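Below is work08.cif, holding mmCIF, C-alpha atoms.
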data_run
loop_
_atom_site.group_PDB
_atom_site.id
_atom_site.type_symbol
_atom_site.label_atom_id
_atom_site.label_comp_id
_atom_site.auth_asym_id
_atom_site.auth_seq_id
_atom_site.Cartn_x
_atom_site.Cartn_y
_atom_site.Cartn_z
ATOM 1 C CA MET A 1 126.717 100.825 158.840
ATOM 2 C CA ILE A 2 130.240 101.429 157.456
ATOM 3 C CA THR A 3 129.729 105.183 157.592
ATOM 4 C CA GLY A 4 128.682 104.830 161.219
ATOM 5 C CA ILE A 5 131.801 102.863 162.078
ATOM 6 C CA LYS A 6 134.065 105.371 160.347
ATOM 7 C CA GLY A 7 132.261 108.162 162.110
ATOM 8 C CA THR A 8 132.729 106.450 165.475
ATOM 9 C CA ARG A 9 136.435 105.948 164.817
ATOM 10 C CA PHE A 10 136.785 109.556 163.786
ATOM 11 C CA ARG A 11 134.995 110.754 166.905
ATOM 12 C CA ARG A 12 137.180 108.541 169.089
ATOM 13 C CA ALA A 13 140.326 109.860 167.417
ATOM 14 C CA ALA A 14 139.100 113.425 167.852
ATOM 15 C CA ALA A 15 138.298 112.741 171.501
ATOM 16 C CA VAL A 16 141.803 111.384 172.086
ATOM 17 C CA THR A 17 143.343 114.443 170.440
ATOM 18 C CA VAL A 18 141.238 116.819 172.519
ATOM 19 C CA THR A 19 142.009 114.937 175.727
ATOM 20 C CA THR A 20 145.732 114.930 174.984
ATOM 21 C CA GLY A 21 145.602 118.636 174.237
ATOM 22 C CA ALA A 22 143.734 119.282 177.457
ATOM 23 C CA VAL A 23 146.281 117.296 179.463
ATOM 24 C CA LEU A 24 149.190 119.169 177.859
ATOM 25 C CA ALA A 25 147.480 122.494 178.474
ATOM 26 C CA ALA A 26 146.723 121.579 182.068
ATOM 27 C CA GLY A 27 150.311 120.424 182.559
ATOM 28 C CA ALA A 28 151.750 123.556 180.966
ATOM 29 C CA PHE A 29 149.655 125.976 182.984
ATOM 30 C CA GLY A 30 149.196 123.883 186.117
ATOM 31 C CA ALA A 31 145.458 124.601 185.824
ATOM 32 C CA ALA A 32 144.098 121.200 186.849
ATOM 33 C CA PRO A 33 144.174 120.583 190.618
ATOM 34 C CA ALA A 34 145.411 117.170 191.726
ATOM 35 C CA GLY A 35 142.694 114.532 191.644
ATOM 36 C CA ALA A 36 140.267 116.656 189.602
ATOM 37 C CA VAL A 37 137.884 114.610 187.470
ATOM 38 C CA THR A 38 136.293 116.298 184.479
ATOM 39 C CA THR A 39 132.505 115.981 184.388
ATOM 40 C CA PRO A 40 131.642 114.073 181.214
ATOM 41 C CA THR A 41 129.417 115.330 178.413
ATOM 42 C CA ILE A 42 126.831 112.791 177.243
ATOM 43 C CA ALA A 43 124.583 112.588 174.183
ATOM 44 C CA ALA A 44 121.600 111.450 176.263
ATOM 45 C CA LYS A 45 119.032 114.058 177.314
ATOM 46 C CA GLY A 46 118.982 112.673 180.844
ATOM 47 C CA GLY A 47 121.459 110.867 183.056
ATOM 48 C CA TYR A 48 122.037 109.838 186.647
ATOM 49 C CA VAL A 49 124.629 107.766 188.505
ATOM 50 C CA MET A 50 124.927 106.795 192.153
ATOM 51 C CA ASN A 51 127.092 104.697 194.426
ATOM 52 C CA ASN A 52 124.942 101.587 194.856
ATOM 53 C CA GLY A 53 126.264 100.893 198.350
ATOM 54 C CA THR A 54 125.675 104.349 199.850
ATOM 55 C CA ALA A 55 123.056 105.773 197.418
ATOM 56 C CA THR A 56 125.314 108.846 197.071
ATOM 57 C CA THR A 57 124.580 110.813 193.890
ATOM 58 C CA LEU A 58 127.657 111.022 191.651
ATOM 59 C CA TYR A 59 126.257 112.603 188.455
ATOM 60 C CA THR A 60 123.035 114.242 187.281
ATOM 61 C CA LYS A 61 121.743 115.623 183.996
ATOM 62 C CA ALA A 62 118.023 116.392 183.902
ATOM 63 C CA ALA A 63 117.841 113.539 186.413
ATOM 64 C CA ASP A 64 114.260 114.303 187.479
ATOM 65 C CA THR A 65 112.788 115.080 184.061
ATOM 66 C CA ARG A 66 110.077 112.580 183.128
ATOM 67 C CA ARG A 67 110.722 110.707 179.906
ATOM 68 C CA SER A 68 109.485 107.645 178.065
ATOM 69 C CA THR A 69 111.521 104.655 179.238
ATOM 70 C CA GLY A 70 111.118 102.056 176.493
ATOM 71 C CA SER A 71 112.027 98.539 177.581
ATOM 72 C CA THR A 72 113.866 99.688 180.713
ATOM 73 C CA THR A 73 110.281 99.390 182.029
ATOM 74 C CA LYS A 74 110.924 95.628 182.125
ATOM 75 C CA ILE A 75 113.185 96.080 185.171
ATOM 76 C CA MET A 76 110.003 96.779 187.151
ATOM 77 C CA THR A 77 108.196 93.899 185.404
ATOM 78 C CA ALA A 78 110.891 91.517 186.664
ATOM 79 C CA LYS A 79 110.987 93.144 190.113
ATOM 80 C CA VAL A 80 107.225 92.658 190.576
ATOM 81 C CA VAL A 81 107.427 88.994 189.502
ATOM 82 C CA LEU A 82 110.348 88.312 191.846
ATOM 83 C CA ALA A 83 108.509 89.983 194.754
ATOM 84 C CA GLN A 84 105.587 87.511 194.592
ATOM 85 C CA SER A 85 105.111 85.544 197.786
ATOM 86 C CA ASN A 86 105.927 81.816 197.498
ATOM 87 C CA LEU A 87 107.364 82.395 194.020
ATOM 88 C CA ASN A 88 108.161 79.173 192.178
ATOM 89 C CA LEU A 89 110.683 79.935 189.429
ATOM 90 C CA ASP A 90 110.143 76.464 187.982
ATOM 91 C CA ALA A 91 106.366 76.907 187.606
ATOM 92 C CA LYS A 92 105.362 76.449 183.972
ATOM 93 C CA VAL A 93 103.415 78.962 181.902
ATOM 94 C CA THR A 94 101.711 77.884 178.668
ATOM 95 C CA ILE A 95 102.376 80.387 175.868
ATOM 96 C CA GLN A 96 99.123 81.796 174.504
ATOM 97 C CA LYS A 97 98.390 82.997 170.964
ATOM 98 C CA ALA A 98 97.553 86.421 172.437
ATOM 99 C CA TYR A 99 101.211 86.945 173.415
ATOM 100 C CA SER A 100 102.427 86.095 169.925
ATOM 101 C CA ASP A 101 99.736 88.241 168.257
ATOM 102 C CA TYR A 102 100.669 91.156 170.522
ATOM 103 C CA VAL A 103 104.350 91.260 169.524
ATOM 104 C CA VAL A 104 103.465 90.936 165.844
ATOM 105 C CA ALA A 105 100.833 93.695 166.034
ATOM 106 C CA ASN A 106 103.266 96.033 167.810
ATOM 107 C CA ASN A 107 106.363 95.020 165.827
ATOM 108 C CA ALA A 108 107.882 94.537 169.282
ATOM 109 C CA SER A 109 111.120 92.931 170.440
ATOM 110 C CA GLN A 110 110.441 89.317 171.326
ATOM 111 C CA ALA A 111 111.822 86.093 172.732
ATOM 112 C CA HIS A 112 110.114 84.171 169.864
ATOM 113 C CA LEU A 113 108.122 82.046 172.306
ATOM 114 C CA ILE A 114 106.095 79.311 170.607
ATOM 115 C CA VAL A 115 102.343 79.116 171.190
ATOM 116 C CA GLY A 116 101.481 76.015 173.207
ATOM 117 C CA ASP A 117 104.967 75.614 174.698
ATOM 118 C CA LYS A 118 105.316 75.350 178.464
ATOM 119 C CA VAL A 119 108.007 77.756 179.664
ATOM 120 C CA THR A 120 109.200 78.165 183.252
ATOM 121 C CA VAL A 121 108.973 81.490 185.066
ATOM 122 C CA ARG A 122 112.780 81.508 185.303
ATOM 123 C CA GLN A 123 113.047 81.070 181.521
ATOM 124 C CA LEU A 124 110.504 83.852 180.997
ATOM 125 C CA LEU A 125 112.676 86.180 183.100
ATOM 126 C CA TYR A 126 115.627 85.464 180.807
ATOM 127 C CA GLY A 127 113.373 85.955 177.769
ATOM 128 C CA LEU A 128 112.198 89.242 179.285
ATOM 129 C CA MET A 129 115.598 90.706 180.155
ATOM 130 C CA LEU A 130 118.051 89.401 177.513
ATOM 131 C CA PRO A 131 116.300 89.744 174.110
ATOM 132 C CA SER A 132 113.790 92.136 175.753
ATOM 133 C CA GLY A 133 110.876 89.873 174.896
ATOM 134 C CA CYS A 134 107.526 91.649 175.031
ATOM 135 C CA ASP A 135 105.922 88.210 174.615
ATOM 136 C CA ALA A 136 107.690 87.079 177.819
ATOM 137 C CA ALA A 137 106.534 90.281 179.559
ATOM 138 C CA TYR A 138 102.927 89.602 178.530
ATOM 139 C CA ALA A 139 103.135 86.006 179.759
ATOM 140 C CA LEU A 140 104.455 87.133 183.161
ATOM 141 C CA ALA A 141 101.847 89.894 183.515
ATOM 142 C CA ASP A 142 99.098 87.425 182.620
ATOM 143 C CA LYS A 143 100.381 84.916 185.178
ATOM 144 C CA TYR A 144 100.989 87.277 188.099
ATOM 145 C CA GLY A 145 98.075 89.666 187.722
ATOM 146 C CA SER A 146 94.737 88.826 189.360
ATOM 147 C CA GLY A 147 91.395 88.618 187.597
ATOM 148 C CA THR A 148 89.129 86.373 185.593
ATOM 149 C CA THR A 149 90.069 87.835 182.189
ATOM 150 C CA ARG A 150 93.458 88.414 180.613
ATOM 151 C CA ALA A 151 92.760 92.148 180.359
ATOM 152 C CA ALA A 152 91.918 92.284 184.073
ATOM 153 C CA ARG A 153 95.072 90.364 184.988
ATOM 154 C CA VAL A 154 97.263 92.667 182.903
ATOM 155 C CA LYS A 155 95.647 95.739 184.454
ATOM 156 C CA SER A 156 96.180 94.244 187.919
ATOM 157 C CA PHE A 157 99.847 93.511 187.156
ATOM 158 C CA ILE A 158 100.491 97.072 185.961
ATOM 159 C CA GLY A 159 98.806 98.191 189.200
ATOM 160 C CA LYS A 160 101.414 96.158 191.098
ATOM 161 C CA MET A 161 104.170 97.899 189.125
ATOM 162 C CA ASN A 162 102.815 101.293 190.163
ATOM 163 C CA ALA A 163 102.382 100.148 193.775
ATOM 164 C CA ALA A 164 106.041 99.084 193.795
ATOM 165 C CA ALA A 165 107.060 102.524 192.468
ATOM 166 C CA THR A 166 105.006 104.162 195.229
ATOM 167 C CA SER A 167 106.604 101.958 197.884
ATOM 168 C CA LEU A 168 110.020 103.187 196.672
ATOM 169 C CA HIS A 169 108.734 106.789 197.087
ATOM 170 C CA LEU A 170 109.163 107.546 193.383
ATOM 171 C CA THR A 171 107.094 110.608 192.496
ATOM 172 C CA ASN A 172 108.115 110.877 188.832
ATOM 173 C CA THR A 173 107.366 107.329 187.694
ATOM 174 C CA HIS A 174 104.177 105.851 186.257
ATOM 175 C CA PHE A 175 103.562 102.678 184.286
ATOM 176 C CA ASP A 176 100.692 102.009 181.891
ATOM 177 C CA SER A 177 102.301 98.961 180.272
ATOM 178 C CA PHE A 178 104.079 95.775 181.350
ATOM 179 C CA ASP A 179 106.862 96.140 178.763
ATOM 180 C CA GLY A 180 107.384 99.803 177.868
ATOM 181 C CA ILE A 181 105.051 99.925 174.878
ATOM 182 C CA GLY A 182 103.211 102.731 176.604
ATOM 183 C CA ASN A 183 99.781 104.174 176.038
ATOM 184 C CA GLY A 184 100.764 107.785 176.658
ATOM 185 C CA SER A 185 101.399 107.538 180.385
ATOM 186 C CA ASN A 186 104.473 105.351 180.793
ATOM 187 C CA TYR A 187 107.339 107.432 182.145
ATOM 188 C CA SER A 188 110.140 107.651 184.663
ATOM 189 C CA THR A 189 113.339 109.631 185.227
ATOM 190 C CA PRO A 190 117.033 108.709 185.297
ATOM 191 C CA ARG A 191 117.036 109.002 189.102
ATOM 192 C CA ASP A 192 113.859 106.948 189.597
ATOM 193 C CA LEU A 193 114.884 104.199 187.166
ATOM 194 C CA THR A 194 118.255 103.929 188.905
ATOM 195 C CA LYS A 195 116.468 103.472 192.235
ATOM 196 C CA ILE A 196 114.188 100.793 190.740
ATOM 197 C CA ALA A 197 117.211 98.949 189.335
ATOM 198 C CA SER A 198 119.137 99.274 192.604
ATOM 199 C CA SER A 199 116.189 97.760 194.458
ATOM 200 C CA ALA A 200 115.809 94.960 191.879
ATOM 201 C CA MET A 201 119.531 94.167 192.114
ATOM 202 C CA LYS A 202 119.051 93.145 195.750
ATOM 203 C CA ASN A 203 117.418 89.978 194.361
ATOM 204 C CA THR A 204 119.981 87.294 193.504
ATOM 205 C CA THR A 205 117.892 85.837 190.653
ATOM 206 C CA PHE A 206 117.595 89.284 189.073
ATOM 207 C CA GLN A 207 121.368 89.811 189.470
ATOM 208 C CA THR A 208 122.094 86.485 187.773
ATOM 209 C CA VAL A 209 119.723 87.119 184.864
ATOM 210 C CA VAL A 210 120.840 90.656 183.987
ATOM 211 C CA LYS A 211 124.561 89.850 183.886
ATOM 212 C CA THR A 212 124.031 86.813 181.609
ATOM 213 C CA LYS A 213 125.255 87.404 178.048
ATOM 214 C CA SER A 214 123.486 84.432 176.451
ATOM 215 C CA TYR A 215 120.900 81.872 177.557
ATOM 216 C CA THR A 216 119.386 78.845 175.852
ATOM 217 C CA ALA A 217 115.970 77.732 177.109
ATOM 218 C CA LYS A 218 114.651 74.200 176.772
ATOM 219 C CA THR A 219 110.856 74.359 176.696
ATOM 220 C CA ILE A 220 108.208 71.642 176.657
ATOM 221 C CA THR A 221 106.101 71.523 173.496
ATOM 222 C CA SER A 222 102.355 70.894 173.402
ATOM 223 C CA THR A 223 103.079 67.249 172.523
ATOM 224 C CA GLY A 224 105.386 66.822 175.531
ATOM 225 C CA SER A 225 108.715 66.798 173.701
ATOM 226 C CA THR A 226 111.607 69.131 174.540
ATOM 227 C CA ARG A 227 112.316 72.127 172.328
ATOM 228 C CA THR A 228 115.730 73.780 172.454
ATOM 229 C CA MET A 229 115.100 77.450 171.728
ATOM 230 C CA ALA A 230 117.513 79.601 169.729
ATOM 231 C CA ALA A 231 119.863 81.283 172.213
ATOM 232 C CA TRP A 232 118.739 84.592 173.676
ATOM 233 C CA THR A 233 121.507 87.196 173.523
ATOM 234 C CA ASN A 234 121.600 90.090 175.966
ATOM 235 C CA THR A 235 121.005 93.432 174.216
ATOM 236 C CA ASN A 236 123.340 95.113 176.742
ATOM 237 C CA GLY A 237 126.674 95.411 174.913
ATOM 238 C CA LEU A 238 128.425 96.740 178.027
ATOM 239 C CA LEU A 239 128.531 93.194 179.425
ATOM 240 C CA SER A 240 131.190 92.466 176.795
ATOM 241 C CA SER A 241 132.829 95.881 176.462
ATOM 242 C CA TYR A 242 133.034 97.259 180.010
ATOM 243 C CA SER A 243 135.182 95.585 182.649
ATOM 244 C CA GLY A 244 133.090 94.835 185.735
ATOM 245 C CA ALA A 245 129.691 95.409 184.062
ATOM 246 C CA ILE A 246 126.896 93.476 185.813
ATOM 247 C CA GLY A 247 123.723 94.730 184.051
ATOM 248 C CA VAL A 248 121.099 96.021 183.745
ATOM 249 C CA LYS A 249 118.702 96.735 180.833
ATOM 250 C CA THR A 250 118.444 98.461 177.486
ATOM 251 C CA GLY A 251 115.448 100.257 176.059
ATOM 252 C CA SER A 252 114.611 102.048 172.843
ATOM 253 C CA GLY A 253 111.687 103.381 170.889
ATOM 254 C CA PRO A 254 110.518 106.265 168.725
ATOM 255 C CA GLU A 255 109.480 108.238 171.804
ATOM 256 C CA ALA A 256 112.117 106.942 174.253
ATOM 257 C CA GLY A 257 115.183 107.242 172.025
ATOM 258 C CA TYR A 258 118.014 104.984 173.199
ATOM 259 C CA CYS A 259 118.034 104.188 176.917
ATOM 260 C CA LEU A 260 120.297 102.159 179.162
ATOM 261 C CA VAL A 261 120.228 101.312 182.844
ATOM 262 C CA PHE A 262 123.754 100.188 183.730
ATOM 263 C CA ALA A 263 125.758 98.889 186.674
ATOM 264 C CA ALA A 264 129.334 97.790 187.259
ATOM 265 C CA THR A 265 131.485 96.660 190.157
ATOM 266 C CA ARG A 266 135.183 97.471 190.477
ATOM 267 C CA ASN A 267 137.417 97.112 193.548
ATOM 268 C CA GLY A 268 134.440 96.226 195.717
ATOM 269 C CA LYS A 269 132.427 99.332 194.740
ATOM 270 C CA THR A 270 129.279 99.203 192.622
ATOM 271 C CA VAL A 271 127.973 102.153 190.632
ATOM 272 C CA ILE A 272 124.541 102.128 189.038
ATOM 273 C CA GLY A 273 122.865 104.613 186.750
ATOM 274 C CA THR A 274 120.645 105.447 183.804
ATOM 275 C CA VAL A 275 120.818 107.337 180.543
ATOM 276 C CA LEU A 276 117.539 108.216 178.817
ATOM 277 C CA SER A 277 116.962 109.463 175.289
ATOM 278 C CA SER A 278 120.452 109.023 173.862
ATOM 279 C CA THR A 279 120.962 109.191 170.105
ATOM 280 C CA SER A 280 121.960 105.618 169.126
ATOM 281 C CA ILE A 281 123.027 102.253 170.526
ATOM 282 C CA PRO A 282 126.764 103.150 170.373
ATOM 283 C CA ALA A 283 125.992 106.565 171.912
ATOM 284 C CA ARG A 284 124.087 105.147 174.887
ATOM 285 C CA GLU A 285 126.917 102.675 175.551
ATOM 286 C CA SER A 286 129.496 105.453 175.235
ATOM 287 C CA ASP A 287 127.397 107.643 177.582
ATOM 288 C CA ALA A 288 127.194 104.858 180.163
ATOM 289 C CA THR A 289 130.924 104.106 179.855
ATOM 290 C CA LYS A 290 131.817 107.773 180.435
ATOM 291 C CA LEU A 291 129.498 107.984 183.441
ATOM 292 C CA MET A 292 130.805 104.813 185.052
ATOM 293 C CA ASN A 293 134.433 105.856 184.496
ATOM 294 C CA TYR A 294 133.608 109.212 186.048
ATOM 295 C CA ALA A 295 131.773 107.613 188.978
ATOM 296 C CA PHE A 296 134.637 105.221 189.722
ATOM 297 C CA ALA A 297 137.168 108.077 189.443
ATOM 298 C CA LYS A 298 135.163 110.049 192.003
#

Go ahead and express the file in the form of structure tokens.
Amino acid sequence: MITGIKGTRFRRAAAVTVTTGAVLAAGAFGAAPAGAVTTPTIAAKGGYVMNNGTATTLYTKAADTRRSTGSTTKIMTAKVVLAQSNLNLDAKVTIQKAYSDYVVANNASQAHLIVGDKVTVRQLLYGLMLPSGCDAAYALADKYGSGTTRAARVKSFIGKMNAAATSLHLTNTHFDSFDGIGNGSNYSTPRDLTKIASSAMKNTTFQTVVKTKSYTAKTITSTGSTRTMAAWTNTNGLLSSYSGAIGVKTGSGPEAGYCLVFAATRNGKTVIGTVLSSTSIPARESDATKLMNYAFAK
């Protein structure tokens, strides 16, 4: 870890030196036209940013190349839940052993939901989006899919995710999981994921959840008492490090690399974007920071 920190500091120092040199050179030779904004270089293999108000594209890098999305998939999971007719956010879901077994078997990120506890749909959305709980994702898919078996309900829910992608006219997106632990056919692109997030951000509950840094759920145990869960912390570090950040979702995995769907509002303008397959957590946050700075400068 210490090596990483030193390395980051060194890179930052180097970046400052280069930037200063570039400014001096530009000043000396008058090469940079007034108002020119240098297009950033990012570590991620794919990136996209747009103005959320006008849907104007501000940056692209392999923006339409299909890639594994990791837990950024959960943006669509939440969007499908929030699109249910007559949705009751206070409806309670009883946590099943299957959800717990699933996260253990897959060594997946989890909200540490307790089998037998009754958890509200609202709480499950926080458990889904902040600690990136695959157990919360499973619970929501099981509740909002249709069918007489759990497998049928999950399949039905994933079908709803794909139907939502189709309704947004996304031709490079397909889901085969409710949480991003794909089975070989779970993919999207920086442009498509940005559009999914932009659509999801129209929902006020979604907006509230994804900008929350920490959330403590009080669940009802199988005996009827109240359990205060350990606080869920948002995996999106930009909420603390980037002024105006309002979301959206991290993702990572062996196939996906380090992903981040991000959004920020400054001076009444909102930019929203995605980086896929970056090289580390600090790198994806640095990538997103560069892209947002660039987008706001434009």

Practice task
Extract, using only C-alpha atoms, all DNA, RNA and protein residues at most 8 Å from stretch 199-204 of chain A, discarding same-chain residues fewer than 2 positions from it, and format them as a PyMOL selection string.
Solution key: chain A and resi 75-76+78-79+82+195-197+206-208

Exercise for the section: Provide the atom CA of A:Ala91 to atom CA of A:Gly247 distance in Å, to one decimal place. Expected result: 25.1 Å

Assuming the chain letters and numbering stay as they are in my file, what does the PyMOL selection byres ((chain A and resi 48-60) around 6) actually select? List them as a PDB file with C-alpha atoms, in the coordinates of the input.
ATOM      1  CA  GLY A  47     121.459 110.867 183.056  1.00  0.00           C
ATOM      2  CA  LYS A  61     121.743 115.623 183.996  1.00  0.00           C
ATOM      3  CA  ALA A  63     117.841 113.539 186.413  1.00  0.00           C
ATOM      4  CA  PRO A 190     117.033 108.709 185.297  1.00  0.00           C
ATOM      5  CA  ARG A 191     117.036 109.002 189.102  1.00  0.00           C
ATOM      6  CA  THR A 270     129.279  99.203 192.622  1.00  0.00           C
ATOM      7  CA  VAL A 271     127.973 102.153 190.632  1.00  0.00           C
ATOM      8  CA  ILE A 272     124.541 102.128 189.038  1.00  0.00           C
ATOM      9  CA  GLY A 273     122.865 104.613 186.750  1.00  0.00           C
ATOM     10  CA  THR A 274     120.645 105.447 183.804  1.00  0.00           C
ATOM     11  CA  ALA A 295     131.773 107.613 188.978  1.00  0.00           C
TER      12      ALA A 295
END

Exercise for the section: Please evaluate the PyMOL selection byres ((chain A and resi 276-280) around 9) against the displayed coordinates and give the resulting residues as a list in words. Expected result: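 When the PyMOL selection byres ((chain A and resi 276-280) around 9) is applied, the selected residues are Ile42, Ala43, Ala44, Lys45, Gly46, Gly47, Arg67, Ser68, Thr69, Thr189, Pro190, Gly251, Ser252, Glu255, Ala256, Gly257, Tyr258, Cys259, Leu260, Val261, Thr274, Val275, Ile281, Pro282, Ala283, Arg284, Glu285 and Asp287 of chain A.
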
Exercise for the section: Name the residues captured by the PyMOL selection byres ((chain A and resi 159-166) around 12) when it is applied to the shown file; answer as number ranges by chain. Expected result: A: 73-84, 141, 144-146, 152-158, 167-180, 185-189, 192-197, 199-200

Practice task
May I ask which of the residues A:Arg66, A:Lys290, A:Lys97, A:Lys92 is the closest one to A:Pro40, counting only C-alpha atoms?
Solution key: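 Checking each of A:Arg66, A:Lys290, A:Lys97, A:Lys92 against A:Pro40, counting only C-alpha atoms, the winner is A:Lys290.
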
Exercise for the section: Go through A:Ala137, A:Val103, A:Ala288, A:Ala230 and flag the residue nearest A:Lys218, using only C-alpha atoms for the distances. Expected result: A:Ala230

Problem - Interatomic distance (Å, one decimal) between atom CA of A:Val209 and atom CA of A:Gly147 - result: 28.5 Å

Exercise for the section: Rank A:Val121, A:Leu113, A:Ala136, A:Ile181 by their smallest atom-to-atom distance to A:Gly253, using all atoms listed in the file, and report the top residue only. Expected result: A:Ile181

Since the input lacks atoms, please generate N, CA, C and O atoms for stretch 219-234 of chain A and provide them as a PDB file, in the frame of the given file.
ATOM      1  N   THR A 219     112.273  74.286 176.338  1.00  0.00           N
ATOM      2  CA  THR A 219     110.856  74.359 176.696  1.00  0.00           C
ATOM      3  C   THR A 219     110.179  73.026 176.387  1.00  0.00           C
ATOM      4  O   THR A 219     110.745  72.172 175.703  1.00  0.00           O
ATOM      5  N   ILE A 220     108.975  72.872 176.910  1.00  0.00           N
ATOM      6  CA  ILE A 220     108.208  71.642 176.657  1.00  0.00           C
ATOM      7  C   ILE A 220     107.112  71.973 175.646  1.00  0.00           C
ATOM      8  O   ILE A 220     106.307  72.888 175.861  1.00  0.00           O
ATOM      9  N   THR A 221     107.093  71.248 174.543  1.00  0.00           N
ATOM     10  CA  THR A 221     106.101  71.523 173.496  1.00  0.00           C
ATOM     11  C   THR A 221     104.732  70.980 173.896  1.00  0.00           C
ATOM     12  O   THR A 221     104.612  70.235 174.881  1.00  0.00           O
ATOM     13  N   SER A 222     103.730  71.336 173.112  1.00  0.00           N
ATOM     14  CA  SER A 222     102.355  70.894 173.402  1.00  0.00           C
ATOM     15  C   SER A 222     102.212  69.377 173.321  1.00  0.00           C
ATOM     16  O   SER A 222     101.304  68.802 173.900  1.00  0.00           O
ATOM     17  N   THR A 223     103.148  68.718 172.613  1.00  0.00           N
ATOM     18  CA  THR A 223     103.079  67.249 172.523  1.00  0.00           C
ATOM     19  C   THR A 223     103.931  66.583 173.606  1.00  0.00           C
ATOM     20  O   THR A 223     104.008  65.360 173.675  1.00  0.00           O
ATOM     21  N   GLY A 224     104.615  67.381 174.422  1.00  0.00           N
ATOM     22  CA  GLY A 224     105.386  66.822 175.531  1.00  0.00           C
ATOM     23  C   GLY A 224     106.861  66.619 175.244  1.00  0.00           C
ATOM     24  O   GLY A 224     107.626  66.175 176.094  1.00  0.00           O
ATOM     25  N   SER A 225     107.286  66.938 174.016  1.00  0.00           N
ATOM     26  CA  SER A 225     108.715  66.798 173.701  1.00  0.00           C
ATOM     27  C   SER A 225     109.467  68.066 174.154  1.00  0.00           C
ATOM     28  O   SER A 225     108.844  69.063 174.527  1.00  0.00           O
ATOM     29  N   THR A 226     110.790  67.980 174.120  1.00  0.00           N
ATOM     30  CA  THR A 226     111.607  69.131 174.540  1.00  0.00           C
ATOM     31  C   THR A 226     112.037  69.938 173.323  1.00  0.00           C
ATOM     32  O   THR A 226     112.511  69.364 172.338  1.00  0.00           O
ATOM     33  N   ARG A 227     111.861  71.247 173.409  1.00  0.00           N
ATOM     34  CA  ARG A 227     112.316  72.127 172.328  1.00  0.00           C
ATOM     35  C   ARG A 227     113.505  72.949 172.842  1.00  0.00           C
ATOM     36  O   ARG A 227     113.419  73.596 173.885  1.00  0.00           O
ATOM     37  N   THR A 228     114.598  72.919 172.112  1.00  0.00           N
ATOM     38  CA  THR A 228     115.730  73.780 172.454  1.00  0.00           C
ATOM     39  C   THR A 228     115.574  75.072 171.664  1.00  0.00           C
ATOM     40  O   THR A 228     115.643  75.068 170.430  1.00  0.00           O
ATOM     41  N   MET A 229     115.318  76.160 172.380  1.00  0.00           N
ATOM     42  CA  MET A 229     115.100  77.450 171.728  1.00  0.00           C
ATOM     43  C   MET A 229     116.420  77.993 171.179  1.00  0.00           C
ATOM     44  O   MET A 229     117.495  77.649 171.670  1.00  0.00           O
ATOM     45  N   ALA A 230     116.320  78.868 170.178  1.00  0.00           N
ATOM     46  CA  ALA A 230     117.513  79.601 169.729  1.00  0.00           C
ATOM     47  C   ALA A 230     117.996  80.440 170.916  1.00  0.00           C
ATOM     48  O   ALA A 230     117.186  80.941 171.700  1.00  0.00           O
ATOM     49  N   ALA A 231     119.306  80.571 171.059  1.00  0.00           N
ATOM     50  CA  ALA A 231     119.863  81.283 172.213  1.00  0.00           C
ATOM     51  C   ALA A 231     119.381  82.728 172.260  1.00  0.00           C
ATOM     52  O   ALA A 231     119.279  83.397 171.221  1.00  0.00           O
ATOM     53  N   TRP A 232     119.077  83.182 173.461  1.00  0.00           N
ATOM     54  CA  TRP A 232     118.739  84.592 173.676  1.00  0.00           C
ATOM     55  C   TRP A 232     120.030  85.332 174.013  1.00  0.00           C
ATOM     56  O   TRP A 232     120.768  84.937 174.918  1.00  0.00           O
ATOM     57  N   THR A 233     120.303  86.398 173.293  1.00  0.00           N
ATOM     58  CA  THR A 233     121.507  87.196 173.523  1.00  0.00           C
ATOM     59  C   THR A 233     121.124  88.496 174.215  1.00  0.00           C
ATOM     60  O   THR A 233     120.141  89.132 173.826  1.00  0.00           O
ATOM     61  N   ASN A 234     121.886  88.868 175.219  1.00  0.00           N
ATOM     62  CA  ASN A 234     121.600  90.090 175.966  1.00  0.00           C
ATOM     63  C   ASN A 234     121.849  91.310 175.075  1.00  0.00           C
ATOM     64  O   ASN A 234     122.904  91.415 174.433  1.00  0.00           O
TER      65      ASN A 234
END
